[in-house]
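Here the structure is laid out as structure tokens; the discussion comes afterwards.
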Amino acid sequence: MKYQHGLGLLSALLVVFISVVAATTVYATWGPVYEVQCVEPSVQELEGAKRINELVSSPFGGEYAPQAKCSKVLVR
């Protein structure tokens, strides 16, 4: 009788743990799937960056370079 409350608490924690694992598994299996799609900078943007780098010198030593534009797309 001494450990009756501890056993109930342990059982409750086990139920919570199994529920979290089950919910995570269901979400990972049948949940939404996203894909990252990136578009590289165009030739026009690269030429513009080249002109900017010719006109401006950075005190930090780096050159300006346009970055790829990425977006998250829902697959299913």
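Residue numbering restarts at 1 in every chain; chains get A, B, ... in the order shown in the structure tokens, and ligands count up from 1 in that same order.
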Query raised in the report: Quick one: residues within 10 Å of Val39 (chain A), only C-alpha atoms counted, chain neighbours fewer than 5 positions away excluded, as a PyMOL selection string?
Result: chain A and resi 67-71
Requested in this report: Going by DSSP on the backbone, which bits of region 6-66 of chain A are strand (DSSP E or B)? Write them as a list in words, please.
Outcome: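 So, restricting region 6-66 of chain A to strand (DSSP E or B), we get Tyr34, Glu35, Val36, Gln37, Cys38 and Val39 of chain A.
Residues in contact with region 62-66 of chain A at 10 Å, where only C-alpha atoms are counted and same-chain residues fewer than 4 positions away are skipped, are listed as Glu40, Pro41, Ser42, Glu45, Leu46, Glu47, Gly48, Ala49, Lys50, Arg51, Ile52, Asn53, Glu54, Val56, Ser57 and Ser58 of chain A.
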Report task. Using DSSP on the backbone coordinates, identify the residues of region 25-57 of chain A assigned to helix (DSSP H, G or I); present them as a list in words. Result ->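 Those residues are Thr25, Val26, Tyr27, Ala28, Thr29, Trp30, Val43, Gln44, Glu45, Leu46, Glu47, Gly48, Ala49, Lys50, Arg51, Ile52, Asn53, Glu54 and Leu55 of chain A.
Separating CA of Arg76 (chain A) from CA of Thr25 (chain A) is a distance of 16.6 Å.
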Requested in this report: State, in Å with one decimal place, the distance from CA of Leu74 (chain A) to CA of Tyr34 (chain A).
Outcome: 4.5 Å
